[in-house]
$ cat protein.cif   # mmCIF, C-alpha atoms
data_data
#
loop_
_atom_site.label_atom_id
_atom_site.label_comp_id
_atom_site.auth_asym_id
_atom_site.auth_seq_id
_atom_site.Cartn_x
_atom_site.Cartn_y
_atom_site.Cartn_z
CA MET C 1 13.99 142.06 174.37
CA LEU C 2 15.01 144.67 171.84
CA VAL C 3 12.74 146.29 169.23
CA ALA C 4 14.92 147.98 166.62
CA GLY C 5 13.60 150.35 163.97
CA ILE C 6 15.87 150.26 160.95
CA GLY C 7 15.84 152.20 157.73
CA ASN C 8 16.80 155.43 156.05
CA ILE C 9 14.36 158.30 156.64
CA PHE C 10 15.73 160.07 153.55
CA LEU C 11 14.41 157.28 151.29
CA ARG C 12 10.68 157.76 151.93
CA ASP C 13 9.15 154.40 152.92
CA ASP C 14 12.50 153.00 154.02
CA GLY C 15 11.93 155.12 157.15
CA PHE C 16 8.99 152.89 158.19
CA GLY C 17 10.90 151.09 160.96
CA VAL C 18 12.17 154.34 162.43
CA GLU C 19 8.64 155.80 162.55
CA VAL C 20 7.19 152.70 164.21
CA VAL C 21 9.86 152.61 166.92
CA GLN C 22 9.52 156.33 167.60
CA ARG C 23 5.80 155.82 168.22
CA LEU C 24 6.41 152.74 170.36
CA ALA C 25 8.90 154.68 172.50
CA LYS C 26 6.02 156.95 173.56
CA ARG C 27 3.96 153.97 174.81
CA ALA C 28 4.20 151.92 177.97
CA LEU C 29 6.39 148.94 177.11
CA PRO C 30 7.14 145.99 179.38
CA PRO C 31 10.11 146.70 181.67
CA ASP C 32 12.39 144.21 179.90
CA VAL C 33 11.76 145.73 176.44
CA GLU C 34 13.86 148.46 174.85
CA ALA C 35 12.71 150.24 171.69
CA VAL C 36 15.60 151.78 169.75
CA ASP C 37 15.78 153.93 166.62
CA ILE C 38 18.75 152.35 164.83
CA GLY C 39 18.21 153.98 161.44
CA VAL C 40 21.13 152.99 159.22
CA ARG C 41 23.50 152.04 162.04
CA GLY C 42 23.34 148.28 161.51
CA VAL C 43 26.81 147.70 162.92
CA HIS C 44 25.79 149.49 166.13
CA LEU C 45 22.73 147.23 166.31
CA ALA C 46 24.87 144.11 165.92
CA TYR C 47 27.13 145.08 168.81
CA GLN C 48 24.17 146.10 170.99
CA VAL C 49 22.53 142.71 170.42
CA LEU C 50 25.75 140.88 171.30
CA ASP C 51 25.73 142.64 174.68
CA GLY C 52 22.76 140.45 175.59
CA CYS C 53 19.41 140.12 173.90
CA ALA C 54 17.12 137.10 174.11
CA VAL C 55 14.61 138.35 171.53
CA LEU C 56 15.18 140.81 168.69
CA VAL C 57 12.33 142.41 166.77
CA LEU C 58 13.48 144.26 163.66
CA VAL C 59 11.02 146.74 162.15
CA ASP C 60 11.75 147.63 158.54
CA ALA C 61 10.39 148.08 155.03
CA VAL C 62 10.34 144.66 153.34
CA HIS C 63 9.52 143.42 149.86
CA ARG C 64 7.35 140.30 150.08
CA GLY C 65 5.20 140.81 146.98
CA GLY C 66 2.17 142.36 148.67
CA GLU C 67 0.39 145.65 148.21
CA PRO C 68 2.10 148.77 149.59
CA GLY C 69 1.20 149.17 153.26
CA THR C 70 0.80 145.44 153.89
CA VAL C 71 2.34 144.53 157.26
CA HIS C 72 4.11 141.19 157.69
CA LEU C 73 5.34 139.29 160.73
CA ILE C 74 8.25 137.01 159.95
CA GLU C 75 10.06 134.79 162.44
CA VAL C 76 13.60 134.37 161.25
CA GLY C 77 15.23 130.98 161.63
CA THR C 78 18.56 129.77 160.38
CA ASP C 79 16.79 128.13 157.43
CA ASP C 80 14.75 131.25 156.59
CA ARG C 81 17.62 133.40 155.44
CA VAL C 82 20.53 133.10 153.10
CA ALA C 83 23.70 134.44 154.68
CA PRO C 84 26.16 136.12 152.32
CA GLU C 85 29.23 134.12 151.38
CA GLY C 86 32.21 134.82 153.62
CA VAL C 87 32.42 137.80 155.94
CA PRO C 88 29.50 140.23 155.62
CA VAL C 89 30.18 143.53 153.92
CA VAL C 90 30.05 146.26 156.57
CA ASP C 91 28.30 149.20 154.99
CA GLY C 92 26.28 151.28 157.43
CA HIS C 93 24.02 152.58 154.67
CA HIS C 94 22.99 149.17 153.32
CA MET C 95 22.47 146.99 156.38
CA SER C 96 19.47 144.77 155.70
CA PRO C 97 18.15 142.46 158.41
CA ASP C 98 19.93 139.53 156.71
CA THR C 99 23.22 141.42 156.71
CA VAL C 100 22.86 142.34 160.40
CA LEU C 101 22.16 138.71 161.30
CA ALA C 102 25.13 137.49 159.25
CA LEU C 103 27.31 140.11 160.93
CA LEU C 104 26.08 138.84 164.31
CA ASP C 105 27.32 135.37 163.43
CA THR C 106 30.75 136.71 162.52
CA LEU C 107 31.07 139.04 165.53
CA SER C 108 29.84 136.45 168.04
CA GLU C 109 32.70 134.15 167.08
CA GLY C 110 35.26 136.86 167.87
CA THR C 111 33.64 138.36 170.96
CA GLY C 112 32.10 135.39 172.72
CA GLY C 113 28.68 137.05 172.47
CA SER C 114 25.65 135.22 171.18
CA ARG C 115 22.77 135.78 168.84
CA PRO C 116 19.25 136.25 170.19
CA ARG C 117 17.28 133.04 170.75
CA ARG C 118 14.47 134.38 168.56
CA VAL C 119 14.43 137.01 165.84
CA PHE C 120 11.35 138.55 164.25
CA VAL C 121 10.86 141.06 161.47
CA VAL C 122 7.79 143.28 161.44
CA GLY C 123 7.90 144.59 157.92
CA CYS C 124 5.81 146.75 155.65
CA GLU C 125 5.60 146.65 151.87
CA PRO C 126 6.93 149.99 150.62
CA ALA C 127 5.29 152.04 147.88
CA THR C 128 8.40 154.09 147.13
CA LEU C 129 12.04 154.11 148.14
CA GLU C 130 12.88 157.25 146.19
CA GLU C 131 14.83 160.06 147.79
CA GLY C 132 12.63 162.26 149.92
CA ILE C 133 11.33 162.60 153.44
CA GLY C 134 7.98 161.26 154.58
CA LEU C 135 6.18 157.98 154.24
CA SER C 136 3.79 157.35 151.36
CA ALA C 137 0.09 157.32 152.27
CA PRO C 138 -0.34 153.51 152.41
CA VAL C 139 2.80 153.01 154.49
CA ALA C 140 1.96 155.89 156.85
CA ALA C 141 -1.48 154.30 157.35
CA ALA C 142 0.21 151.01 158.31
CA VAL C 143 2.34 152.46 161.13
CA ASP C 144 -0.34 152.13 163.83
CA ASP C 145 -1.13 148.56 162.73
CA ALA C 146 2.55 147.70 162.96
CA CYS C 147 2.78 149.22 166.44
CA GLU C 148 -0.17 147.10 167.59
CA LEU C 149 1.38 143.99 166.01
CA VAL C 150 4.66 144.60 167.86
CA LEU C 151 2.80 145.11 171.15
CA ARG C 152 0.79 141.90 170.67
CA LEU C 153 3.98 140.01 169.83
CA LEU C 154 5.71 141.35 172.95
CA ASP C 155 2.72 140.31 175.09
CA GLU C 156 2.80 136.78 173.61
CA LEU C 157 6.55 136.53 174.16
CA GLU C 158 6.23 137.76 177.76
CA ALA C 159 3.63 135.07 178.42
CA THR C 160 5.82 132.27 177.05
CA CYS C 161 9.17 133.31 178.55
#

$ encode --input "protein.cif" --output "structure tokens"
Amino acid sequence: MLVAGIGNIFLRDDGFGVEVVQRLAKRALPPDVEAVDIGVRGVHLAYQVLDGCAVLVLVDAVHRGGEPGTVHLIEVGTDDRVAPEGVPVVDGHHMSPDTVLALLDTLSEGTGGSRPRRVFVVGCEPATLEEGIGLSAPVAAAVDDACELVLRLLDELEATC
């Protein structure tokens, strides 16, 4: 299982996923779980996943219409996302979870690799994505909740695998 923190730390709340994964890396994780700070390297993430990953948990800032700091758990299925038309645009600075998953589809055809069996997004509603360093107060307050949510999810997945 791979837990990947994605986002740009120079765009305030977009760094949410990076902060969560950095905190998780300091905790005792199950032996088959790797927590990785991907940042804006979505292409790197896609290739790492193709090397073998049964479960992928993406941690990122997400817009779902809630109040800033609201944490969401989303299980991604093939019907839950809209893949871009044609080959995904490879832009390391704008790799959303949907773009990474679409890139996985394209790369798996050429490499013989495969997508994870299950993909989750632990996301937080951002307050601001303006240039700057540091999470806004409501998003910073949600980091510990997101860490606990990821740990509970990993425990549930361990029990069912």

$ resolve_selection --input "protein.cif" --expression "the PyMOL selection byres ((chain C and resi 15) around 8)" --output "PyMOL selection string"
chain C and resi 6-14+16-19+39+60-61+134-135

$ write_last_selection --input "protein.cif" --atoms "C-alpha atoms" --output "PDB file, in the coordinates of the input"
ATOM      1  CA  ILE C   6      15.870 150.260 160.950  1.00  0.00           C
ATOM      2  CA  GLY C   7      15.840 152.200 157.730  1.00  0.00           C
ATOM      3  CA  ASN C   8      16.800 155.430 156.050  1.00  0.00           C
ATOM      4  CA  ILE C   9      14.360 158.300 156.640  1.00  0.00           C
ATOM      5  CA  PHE C  10      15.730 160.070 153.550  1.00  0.00           C
ATOM      6  CA  LEU C  11      14.410 157.280 151.290  1.00  0.00           C
ATOM      7  CA  ARG C  12      10.680 157.760 151.930  1.00  0.00           C
ATOM      8  CA  ASP C  13       9.150 154.400 152.920  1.00  0.00           C
ATOM      9  CA  ASP C  14      12.500 153.000 154.020  1.00  0.00           C
ATOM     10  CA  PHE C  16       8.990 152.890 158.190  1.00  0.00           C
ATOM     11  CA  GLY C  17      10.900 151.090 160.960  1.00  0.00           C
ATOM     12  CA  VAL C  18      12.170 154.340 162.430  1.00  0.00           C
ATOM     13  CA  GLU C  19       8.640 155.800 162.550  1.00  0.00           C
ATOM     14  CA  GLY C  39      18.210 153.980 161.440  1.00  0.00           C
ATOM     15  CA  ASP C  60      11.750 147.630 158.540  1.00  0.00           C
ATOM     16  CA  ALA C  61      10.390 148.080 155.030  1.00  0.00           C
ATOM     17  CA  GLY C 134       7.980 161.260 154.580  1.00  0.00           C
ATOM     18  CA  LEU C 135       6.180 157.980 154.240  1.00  0.00           C
TER      19      LEU C 135
END

$ closest_atom_pairs --input "protein.cif" --of "region 45-70 of chain C" --to "region 27-35 of chain C" --cutoff "10 Å" --atoms "all atoms listed in the file" --output "tab-separated table"
residue	atom	partner	partner_atom	distance
C:Cys53	CA	C:Val33	CA	9.8
C:Val55	CA	C:Val33	CA	9.3
C:Leu56	CA	C:Val33	CA	9.8
C:Val57	CA	C:Ala35	CA	9.3

$ write_last_selection --input "protein.cif" --atoms "C-alpha atoms" --output "PDB file, in the coordinates of the input"
ATOM      1  CA  CYS C  53      19.410 140.120 173.900  1.00  0.00           C
ATOM      2  CA  VAL C  55      14.610 138.350 171.530  1.00  0.00           C
ATOM      3  CA  LEU C  56      15.180 140.810 168.690  1.00  0.00           C
ATOM      4  CA  VAL C  57      12.330 142.410 166.770  1.00  0.00           C
TER       5      VAL C  57
END

$ closest_residue --input "protein.cif" --among "C:Val43, C:Val36, C:Ile74, C:Val20" --to "Ala146 (chain C)" --atoms "only C-alpha atoms"
C:Val20

$ atom_distance --input "protein.cif" --atom1 "CA of Val40 (chain C)" --atom2 "CA of Val21 (chain C)"
13.7 Å

$ residues_near_point --input "protein.cif" --point "(10.9, 138.3, 168.2)" --cutoff "9 Å" --atoms "all atoms listed in the file" --output "list in words"
Met1, Leu2, Val3, Ala54, Val55, Leu56, Val57, Leu58, Ile74, Glu75, Val76, Pro116, Arg117, Arg118, Val119, Phe120, Val121, Val122, Val150, Leu153, Leu154 and Leu157 of chain C

$ resolve_selection --input "protein.cif" --expression "the PyMOL selection byres ((chain C and resi 62) around 7)" --output "ChimeraX atom specification"
/C:60-61,63-64,123-126

$ atom_distance --input "protein.cif" --atom1 "CA of Val59 (chain C)" --atom2 "CA of Asp155 (chain C)"
16.7 Å

$ axis_aligned_box --input "protein.cif" --around "region 15-20 of chain C" --padding-each-side "3 Å" --output "JSON"
{"center_x": 9.7, "center_y": 153.4, "center_z": 160.7, "size_x": 11.0, "size_y": 10.7, "size_z": 13.1}

$ closest_residue --input "protein.cif" --among "C:Leu107, C:Ala102, C:Val71, C:Ala159" --to "Asp144 (chain C)" --atoms "all atoms listed in the file"
C:Val71
